[in-house]
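Have a look at the structure below, then the notes.
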Amino acid sequence: MNIYQKVDLFKASIDKVRPFAGELLKEIKSYYRIDLTWSSNAIEGNSLTESETKVLLEDGLTIGGKPLRDTFEALGHAQAYDFMFTLLQSRRITENDALTMHQMFYRKIDSEAAGRYRTRSVIITGSKYAVCKPGLIKDEMGLLFQWVANERDKYHPVEFAAQLHKRFVLIHPFIDGNGRISRLLMNTALIQDGYMLAIIPPVLRHEYITLLEKAHKDDRPFMDFIADRVMESQKEIIRLLHIPFPKLL
């Protein structure tokens with residue numbers, strides 16, 4: 001049994017207690033709002049801890065001694081996370097959705113660059129590959145979301161989500177925030193198809209970055225890594241909701 005078959009087996013167990021509704025749905029969304037916001041920002045160097053992120057998002061209390069940018073990143077990511085759930089029923093992801101997410105995430109950091117494609121070249125530290133030239137970004141993003149609209153059903157849903165993440169981040173359309181938006185788009189695809197979120201904790205940062213770099217030539221290990229992260233979220237929700245674990249063949 002491969003990782004995707006296991007993921008689907010665990011999904012089937014979770015599906016037996018769906019639909020999540022009312023207070024339970026609110027609690028699940030709130031739980032992962034903190035977890036995803038903290039982990040996705042921490043991967044990029046944000047200094048807020050998980051507990052500090054929780055205090056900021058739930059109680060509205062800023063953290064003394066921490067950079068203001070770190071606070072803005074957490075608040076902006078949480079808003080983009082909330083927007084992600086407005087796309088839950090449509091099973092559509094558009095270029096405008098990506099721009100909206102970035103505008104929400106980045107507007108308190110740099111309002112001029114928020115929701116706009118970069119206009120200058122950038123070099124990705126630690127990567128030997130060049131990203132898209134500024135003049136080609138609009139066309140490449142159009143092609144990406146044409147692929148999203150036309151090719152989605154040719155992939156296993158988790159593979160598609162991982163591919164969307166990879167293809168978006170390799171274009172690197174924004175001056176900053178590309179990793180966070182790519183992870184939000186990936187998770188949008190996952191929840192639209194009934195899967196749990198792929199949460200990448202900071203402790204796995206090196207493996208994650210290494211696999212993304214290798215994905216320029218071979219993306220199977222990266223897709224399998226994302227599938228494993230979905231599996232861990234599924235195990236977590238099964239434990240939290242006291243759902244019987246499926247028997248693996």
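Quick note on naming: the chains in the structure tokens go A, B, ... in the order shown, residues restart at 1 in each chain, and ligands are numbered from 1 in order of appearance.
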
Contacts of range 141-147 of chain A at 12 Å or less, counting only C-alpha atoms, minus same-chain residues fewer than 5 places along, as a PyMOL selection string?
chain A and resi 92-99+117+132-136+152-155+160+163-174+185

Check range 150-202 of chain A with DSSP on the backbone and list each residue it calls alpha helix (DSSP H), as a PyMOL selection string.
chain A and resi 150-151+157-171+178-192

Kindly provide the residues of range 131-243 of chain A that approach range 67-79 of chain A to within 9 Å, each paired with its closest atom pair and their distance in Å to one decimal, based on only C-alpha atoms, listed by chain and increasing number, as a Markdown table.
```
| residue | atom | partner | partner_atom | distance |
| --- | --- | --- | --- | --- |
| A:Arg180 | CA | A:His77 | CA | 7.9 |
| A:Ile181 | CA | A:His77 | CA | 8.7 |
| A:Leu184 | CA | A:His77 | CA | 8.9 |
```

Could you please take those selected residues and save N, CA and C atoms as a compact mmCIF listing (two decimals), in the first residue's frame?
```
# COMPACT_ATOMS: atom_id res chain seq x y z
N ARG A 180 4.67 31.14 1.51
CA ARG A 180 3.44 31.12 2.31
C ARG A 180 2.20 31.07 1.43
N ILE A 181 2.21 31.81 0.33
CA ILE A 181 1.04 31.77 -0.56
C ILE A 181 0.96 30.41 -1.25
N LEU A 184 -0.63 28.07 1.16
CA LEU A 184 -2.07 28.33 1.28
C LEU A 184 -2.82 27.80 0.06
```

With distances taken over only C-alpha atoms, which of A:Ser30, A:Ser90, A:Thr62, A:Ser47 is nearest to Pro202 in chain A?
A:Ser47

Selected residue of minimal separation from Asn187 in chain A among A:Phe10, A:Tyr31, A:Tyr81, A:Tyr4, counting only C-alpha atoms
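Closest residue, counting only C-alpha atoms: A:Tyr81.
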
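Here CA of Leu211 in chain A and CA of Glu159 in chain A stand 14.5 Å from one another.
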
Could you pull the residues within 12 Å of Leu24 in chain A, counting only C-alpha atoms, minus those fewer than 6 positions along the same chain, as a list in words?
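Listing them by chain and then by number gives Val17, Arg18, Ser30, Tyr31, Ile237, Leu240 and Leu241 of chain A.
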
Keeping only C-alpha atoms, write the selected residues to a file as a short mmCIF file (atom, residue, chain, number, x, y, z; two decimals), in the first residue's frame.
```cif
data_model
loop_
_atom_site.label_atom_id
_atom_site.label_comp_id
_atom_site.auth_asym_id
_atom_site.auth_seq_id
_atom_site.Cartn_x
_atom_site.Cartn_y
_atom_site.Cartn_z
CA VAL A 17 -18.03 11.61 10.88
CA ARG A 18 -18.49 14.37 8.30
CA SER A 30 -9.37 27.79 14.73
CA TYR A 31 -6.99 24.98 15.70
CA ILE A 237 -7.74 14.76 13.71
CA LEU A 240 -8.68 14.51 18.54
CA LEU A 241 -12.12 13.26 17.50
#
```

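Between CA of Lys247 in chain A and CA of Ile28 in chain A lies a distance of 24.6 Å.
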
One decimal, Å: what's the distance from CA of Met101 in chain A over to CA of Ala227 in chain A, could you say?
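According to the coordinates, CA of Met101 in chain A and CA of Ala227 in chain A are separated by 23.5 Å.
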
Let me make sure I understand: among A:Phe20, A:Ile226, A:Ile209, A:Gln192, which one has the smallest atom-to-atom distance to Gln89 in chain A if we use only C-alpha atoms?
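Using only C-alpha atoms, the shortest distance to Gln89 in chain A belongs to A:Gln192.
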